[in-house]
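J.: Handing you a structure now.
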Amino acid sequence: MGNEPIENSVLVIPCSGIGKVHGLMSREATYLVTDELAPRQTGTLCLALLVKGDDEAVAAVRSHACITIDGCAKACAEKNVAMAGGRVAKAIQVAEAFKNHRGAKPGDATVLADDGWIITREIAAAVACEAARLYACEEAIR
Amino acid sequence: MSTEVTKVGIISCSGEMIPEGTISRLATRRVLELLRPNATVTLCLPLFLAGNEAEQNFAKTHPTITIDGCEKRCAKWGTEEHSGPVSSALVVTDILGTQAVGCHRSSRNSSLPDKEAVWEVAERIAAEVDTVLAETGPYDGTAAVTSGDQCSCSSPVPGGKLKIRGATVSIPGLALIFGQCVARNIPADTCGCDALLGAVRIYHRIPPEEEADYRSALLKAYQVFRSGAKPAK
């Protein structure tokens, strides 16, 4: 997927936080969903475009169900989508996924280790499941 | 701005839709971890809207360089709108031209062209950091981190250690440098010495009179690295 128009029903928007591994996990979980698990039902959007206030990006988050994936409690993705008037259908925090993986060594903000990929795949699976539900709802409304 | 140590802020767009966004993010990490660890800090771009006043004042308290993936220049625009004017604004597509074609968004698909693109952009950012610092005041690349407002994003990576003329010398991110040398197929014998020395020289000053010592020590360390054993820390 490149810089194409946003057509899919559900937008998955990660924070991509640059400081910690959780930001990288949010980003990679998004690509797992949009490229592998649910490519027909989901797409993504540059969060920076929302920060910029880009008209097309703002319209997209207002007209699509959005699932945000945040690395930390500052919840930048969720807050920015909400501030743009977007529909946050589900807000996920990476840190929550660590509750079942105490002592895991996920890697760092640059590279995910094996533990990091395992947790990231779990997050992606949960997001894909939620996206499928939202997609079905949207289709039913149409 | 701190009068003790000037640090350059680097803000990456990290655009999720395009490979250049991934390159901007990873190149920024490379500069923070390896190329200029004591001279740079960063902040997540979305924090300008979602964060507190201290975070929103980032560009007012640091000379700031933005790294954008594409011509939309979201990082530059967002930083200037919400925080303050930037010292320099780089765009990945300007640096790489068509080189980014074929690069990937996810690290699951990362290949040699992706890695080389990241290195090229990172080196360009590092050069820009040096320019900004030269304009704002003297910089001692070996100075300890003393700024109180450093964010946790910029902790330097551990250095690899070499014995040079009886003294222990630490080279930040030596394992990463060696990893890149492996990816570039630099051999672990005397044929690879020049390339090895050149790669390390980018990140670590090598006095001319110590070149032969570095050459020998680096080759030994690189051979250990390639054999799979962990280099000395």
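Letters for chains follow the order of the structure tokens (A, B, ...), residue numbers begin at 1 for each chain, and ligand numbers begin at 1 in the order shown.
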Skipping near chain neighbours, those fewer than 5 positions away, what residues fall within 8 Å of range 112-114 of chain A using only C-alpha atoms, listed as a PyMOL selection string?

T.: chain A and resi 21+24-25+105-107

J.: How would the residues just chosen look if you wrote them out with all heavy atoms as a short mmCIF file (atom, residue, chain, number, x, y, z; two decimals), in the first residue's frame?

T.:
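That gives us result.cif:
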data_model
loop_
_atom_site.label_atom_id
_atom_site.label_comp_id
_atom_site.auth_asym_id
_atom_site.auth_seq_id
_atom_site.Cartn_x
_atom_site.Cartn_y
_atom_site.Cartn_z
N VAL A 21 9.81 1.15 22.51
CA VAL A 21 9.44 -0.03 21.71
C VAL A 21 7.94 -0.09 21.49
O VAL A 21 7.47 -0.57 20.45
CB VAL A 21 9.96 -1.32 22.39
CG1 VAL A 21 9.25 -1.57 23.72
CG2 VAL A 21 9.79 -2.52 21.48
N LEU A 24 6.93 1.45 18.23
CA LEU A 24 7.24 0.59 17.09
C LEU A 24 6.23 -0.55 16.99
O LEU A 24 5.80 -0.92 15.90
CB LEU A 24 8.66 0.04 17.22
CG LEU A 24 9.11 -0.92 16.12
CD1 LEU A 24 9.05 -0.26 14.74
CD2 LEU A 24 10.53 -1.42 16.39
N MET A 25 5.84 -1.09 18.13
CA MET A 25 4.86 -2.18 18.12
C MET A 25 3.51 -1.70 17.58
O MET A 25 2.84 -2.43 16.83
CB MET A 25 4.71 -2.76 19.54
CG MET A 25 5.96 -3.48 20.01
SD MET A 25 5.93 -3.92 21.75
CE MET A 25 4.78 -5.29 21.74
N LYS A 105 10.84 -9.52 26.73
CA LYS A 105 11.83 -8.57 26.23
C LYS A 105 11.50 -8.27 24.77
O LYS A 105 11.88 -9.01 23.87
CB LYS A 105 13.23 -9.17 26.37
CG LYS A 105 13.63 -9.35 27.83
CD LYS A 105 14.99 -9.97 27.98
CE LYS A 105 15.34 -10.09 29.46
NZ LYS A 105 16.56 -10.87 29.69
N PRO A 106 10.77 -7.17 24.56
CA PRO A 106 10.20 -6.93 23.23
C PRO A 106 11.16 -6.33 22.20
O PRO A 106 10.84 -6.28 21.03
CB PRO A 106 9.07 -5.94 23.52
CG PRO A 106 9.52 -5.21 24.74
CD PRO A 106 10.31 -6.19 25.56
N GLY A 107 12.32 -5.88 22.64
CA GLY A 107 13.24 -5.20 21.73
C GLY A 107 13.34 -3.74 22.11
O GLY A 107 13.16 -3.37 23.28
#

J.: Among range 13-122 of chain B, which residues does DSSP mark as strand (DSSP E or B) when it is run on the backbone? Keep the chain and numbering as in the structure and answer as JSON, numbers by chain.

T.: {"B": [40, 41, 42, 64, 65, 66, 67, 68, 88, 89, 90, 91]}

J.: Name the residues in contact with Gly103 in chain A at a cut-off of 10 Å, using only C-alpha atoms, excluding same-chain residues fewer than 4 positions from it; report them as a VMD selection string.

T.: chain A and resid 98 to 99 115

J.: Go ahead and save the picked residues with all heavy atoms, as an mmCIF file, in the first residue's frame.

T.:
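Result written to selection_35.cif:
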data_model
loop_
_atom_site.group_PDB
_atom_site.id
_atom_site.type_symbol
_atom_site.label_atom_id
_atom_site.label_comp_id
_atom_site.auth_asym_id
_atom_site.auth_seq_id
_atom_site.Cartn_x
_atom_site.Cartn_y
_atom_site.Cartn_z
ATOM 1 N N PHE A 98 0.910 -6.257 27.397
ATOM 2 C CA PHE A 98 2.039 -6.814 28.147
ATOM 3 C C PHE A 98 1.589 -7.529 29.421
ATOM 4 O O PHE A 98 2.382 -8.229 30.034
ATOM 5 C CB PHE A 98 3.033 -5.705 28.502
ATOM 6 C CG PHE A 98 4.011 -5.412 27.398
ATOM 7 C CD1 PHE A 98 3.653 -4.640 26.316
ATOM 8 C CD2 PHE A 98 5.308 -5.924 27.436
ATOM 9 C CE1 PHE A 98 4.538 -4.374 25.293
ATOM 10 C CE2 PHE A 98 6.202 -5.678 26.422
ATOM 11 C CZ PHE A 98 5.820 -4.889 25.340
ATOM 12 N N LYS A 99 0.328 -7.337 29.790
ATOM 13 C CA LYS A 99 -0.137 -7.930 31.045
ATOM 14 C C LYS A 99 -0.037 -9.451 31.027
ATOM 15 O O LYS A 99 0.156 -10.080 32.059
ATOM 16 C CB LYS A 99 -1.579 -7.498 31.330
ATOM 17 C CG LYS A 99 -1.665 -6.052 31.775
ATOM 18 C CD LYS A 99 -3.089 -5.632 32.068
ATOM 19 C CE LYS A 99 -3.123 -4.190 32.573
ATOM 20 N NZ LYS A 99 -4.499 -3.682 32.679
ATOM 21 N N ASP A 115 10.028 -11.691 21.252
ATOM 22 C CA ASP A 115 8.918 -11.412 22.176
ATOM 23 C C ASP A 115 8.069 -10.251 21.657
ATOM 24 O O ASP A 115 6.832 -10.268 21.766
ATOM 25 C CB ASP A 115 9.456 -11.036 23.570
ATOM 26 C CG ASP A 115 9.895 -12.259 24.365
ATOM 27 O OD1 ASP A 115 9.723 -13.386 23.860
ATOM 28 O OD2 ASP A 115 10.422 -12.079 25.480
#

J.: I need the chain A residues near chain B as a count of residues only; criterion: at most 10 Å, counting only C-alpha atoms.

T.: 46

J.: Which residues are near Ile177 in chain B? Cut-off 12 Å, only C-alpha atoms, ignore same chain within fewer than 2 positions. Put them as number ranges by chain.

T.: B: 30, 33-35, 115, 119, 157, 159-160, 171-175, 179-184, 186, 195-204, 218, 221-222, 225, 231

J.: Write a file of the just-selected residues containing N, CA and C atoms, as a short mmCIF file (atom, residue, chain, number, x, y, z; two decimals), in the first residue's frame.

T.:
data_model
loop_
_atom_site.label_atom_id
_atom_site.label_comp_id
_atom_site.auth_asym_id
_atom_site.auth_seq_id
_atom_site.Cartn_x
_atom_site.Cartn_y
_atom_site.Cartn_z
N ARG B 30 18.61 6.30 14.33
CA ARG B 30 20.04 6.04 14.10
C ARG B 30 20.90 7.21 14.57
N GLU B 33 20.77 7.27 18.46
CA GLU B 33 21.44 6.15 19.13
C GLU B 33 22.93 6.09 18.83
N LEU B 34 23.27 6.46 17.61
CA LEU B 34 24.60 6.12 17.15
C LEU B 34 25.43 7.30 16.64
N LEU B 35 24.85 8.09 15.77
CA LEU B 35 25.66 9.10 15.11
C LEU B 35 25.95 10.32 15.98
N LYS B 115 17.91 -0.66 4.34
CA LYS B 115 18.95 -0.32 5.31
C LYS B 115 19.88 0.76 4.77
N TRP B 119 20.62 4.53 6.32
CA TRP B 119 21.97 5.04 6.61
C TRP B 119 22.23 6.36 5.89
N VAL B 157 23.21 4.16 22.45
CA VAL B 157 23.37 2.71 22.47
C VAL B 157 24.70 2.36 23.11
N GLY B 159 28.41 1.13 23.75
CA GLY B 159 29.56 1.16 22.85
C GLY B 159 30.32 -0.15 22.88
N GLY B 160 30.97 -0.45 21.74
CA GLY B 160 31.90 -1.57 21.70
C GLY B 160 33.28 -1.06 22.12
N ILE B 171 33.52 2.78 21.28
CA ILE B 171 32.94 3.29 20.02
C ILE B 171 31.44 3.04 20.07
N PRO B 172 30.64 4.12 20.14
CA PRO B 172 29.19 3.95 20.23
C PRO B 172 28.64 3.10 19.08
N GLY B 173 27.84 2.11 19.45
CA GLY B 173 27.14 1.32 18.44
C GLY B 173 28.03 0.49 17.53
N LEU B 174 29.16 0.03 18.05
CA LEU B 174 30.09 -0.71 17.19
C LEU B 174 29.41 -1.94 16.58
N ALA B 175 28.57 -2.59 17.37
CA ALA B 175 27.88 -3.79 16.84
C ALA B 175 26.97 -3.43 15.67
N GLY B 179 27.30 -4.76 11.96
CA GLY B 179 26.14 -5.37 11.30
C GLY B 179 25.94 -4.79 9.90
N GLN B 180 26.13 -3.48 9.79
CA GLN B 180 26.01 -2.84 8.49
C GLN B 180 27.14 -3.30 7.55
N CYS B 181 28.33 -3.50 8.11
CA CYS B 181 29.47 -3.97 7.30
C CYS B 181 29.19 -5.38 6.78
N VAL B 182 28.57 -6.21 7.60
CA VAL B 182 28.22 -7.56 7.16
C VAL B 182 27.22 -7.47 6.01
N ALA B 183 26.23 -6.58 6.19
CA ALA B 183 25.22 -6.43 5.13
C ALA B 183 25.84 -5.94 3.83
N ARG B 184 26.94 -5.20 3.95
CA ARG B 184 27.62 -4.69 2.75
C ARG B 184 28.69 -5.67 2.25
N ILE B 186 31.42 -6.72 3.54
CA ILE B 186 32.82 -6.36 3.78
C ILE B 186 33.50 -7.57 4.42
N ALA B 195 37.62 -0.55 4.24
CA ALA B 195 36.18 -0.29 4.33
C ALA B 195 35.74 -0.24 5.80
N LEU B 196 36.32 -1.13 6.59
CA LEU B 196 36.00 -1.19 8.02
C LEU B 196 36.40 0.12 8.72
N LEU B 197 37.61 0.53 8.42
CA LEU B 197 38.12 1.77 9.01
C LEU B 197 37.26 2.96 8.58
N GLY B 198 36.89 2.97 7.31
CA GLY B 198 36.07 4.06 6.78
C GLY B 198 34.71 4.12 7.44
N ALA B 199 34.12 2.93 7.66
CA ALA B 199 32.78 2.90 8.28
C ALA B 199 32.83 3.40 9.71
N VAL B 200 33.85 3.02 10.45
CA VAL B 200 33.95 3.44 11.85
C VAL B 200 34.32 4.91 11.94
N ARG B 201 35.13 5.39 11.00
CA ARG B 201 35.60 6.78 11.04
C ARG B 201 34.44 7.79 10.95
N ILE B 202 33.33 7.35 10.33
CA ILE B 202 32.18 8.26 10.22
C ILE B 202 31.65 8.63 11.61
N TYR B 203 31.76 7.67 12.55
CA TYR B 203 31.14 7.87 13.86
C TYR B 203 32.14 8.11 14.99
N HIS B 204 33.39 7.93 14.68
CA HIS B 204 34.39 7.98 15.76
C HIS B 204 35.68 8.56 15.19
N LEU B 218 40.21 -3.25 14.95
CA LEU B 218 38.88 -3.37 14.33
C LEU B 218 38.74 -4.70 13.59
N ALA B 221 38.15 -7.43 16.12
CA ALA B 221 36.79 -7.34 16.69
C ALA B 221 35.74 -7.75 15.66
N TYR B 222 35.96 -7.36 14.42
CA TYR B 222 35.02 -7.70 13.34
C TYR B 222 35.01 -9.21 13.10
N PHE B 225 32.99 -10.67 15.77
CA PHE B 225 31.58 -10.38 15.50
C PHE B 225 31.03 -11.34 14.45
N PRO B 231 30.98 -9.16 20.64
CA PRO B 231 32.16 -8.34 20.82
C PRO B 231 32.29 -7.84 22.25
#

J.: Could you pull out the alpha helix (DSSP H) residues of range 10-125 of chain A from DSSP and send them as a ChimeraX atom specification?

T.: /A:21-31,47-52,55-63,76-83,94-97,114-125

J.: May I have the residues within 8 Å of Ala131 in chain A as JSON, numbers by chain, using only C-alpha atoms and disregarding those fewer than 5 positions away in the same chain?

T.: {"A": [10, 38, 41, 42, 67]}

J.: Would you mind listing what lies within 6 Å of Gly71 in chain A as a CSV table (one decimal) with N, CA and C atoms, in the first residue's frame, with only C-alpha atoms counted and same-chain residues fewer than 6 positions away left out?

T.:
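Contents of around_7.csv, freshly written:
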chain,number,residue,atom,x,y,z
A,22,HIS,N,7.2,0.4,22.4
A,22,HIS,CA,5.7,0.4,22.3
A,22,HIS,C,5.2,1.1,21.1
A,23,GLY,N,5.9,2.2,20.7
A,23,GLY,CA,5.5,3.0,19.5
A,23,GLY,C,5.8,2.1,18.3
A,93,GLN,N,-4.2,0.2,23.7
A,93,GLN,CA,-2.9,0.6,24.2
A,93,GLN,C,-2.0,-0.6,24.2
A,94,VAL,N,-0.9,-0.4,23.7
A,94,VAL,CA,0.1,-1.5,23.6
A,94,VAL,C,0.5,-2.1,25.0

J.: In Å, with one decimal, what is the gap from CA of Asp194 in chain B to CA of Ser111 in chain B?

T.: 24.6 Å

J.: Find the distance between CA of Ala100 in chain B and CA of Thr120 in chain A and write it in Å to one decimal.

T.: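 Distance reported for this atom pair: 26.0 Å.
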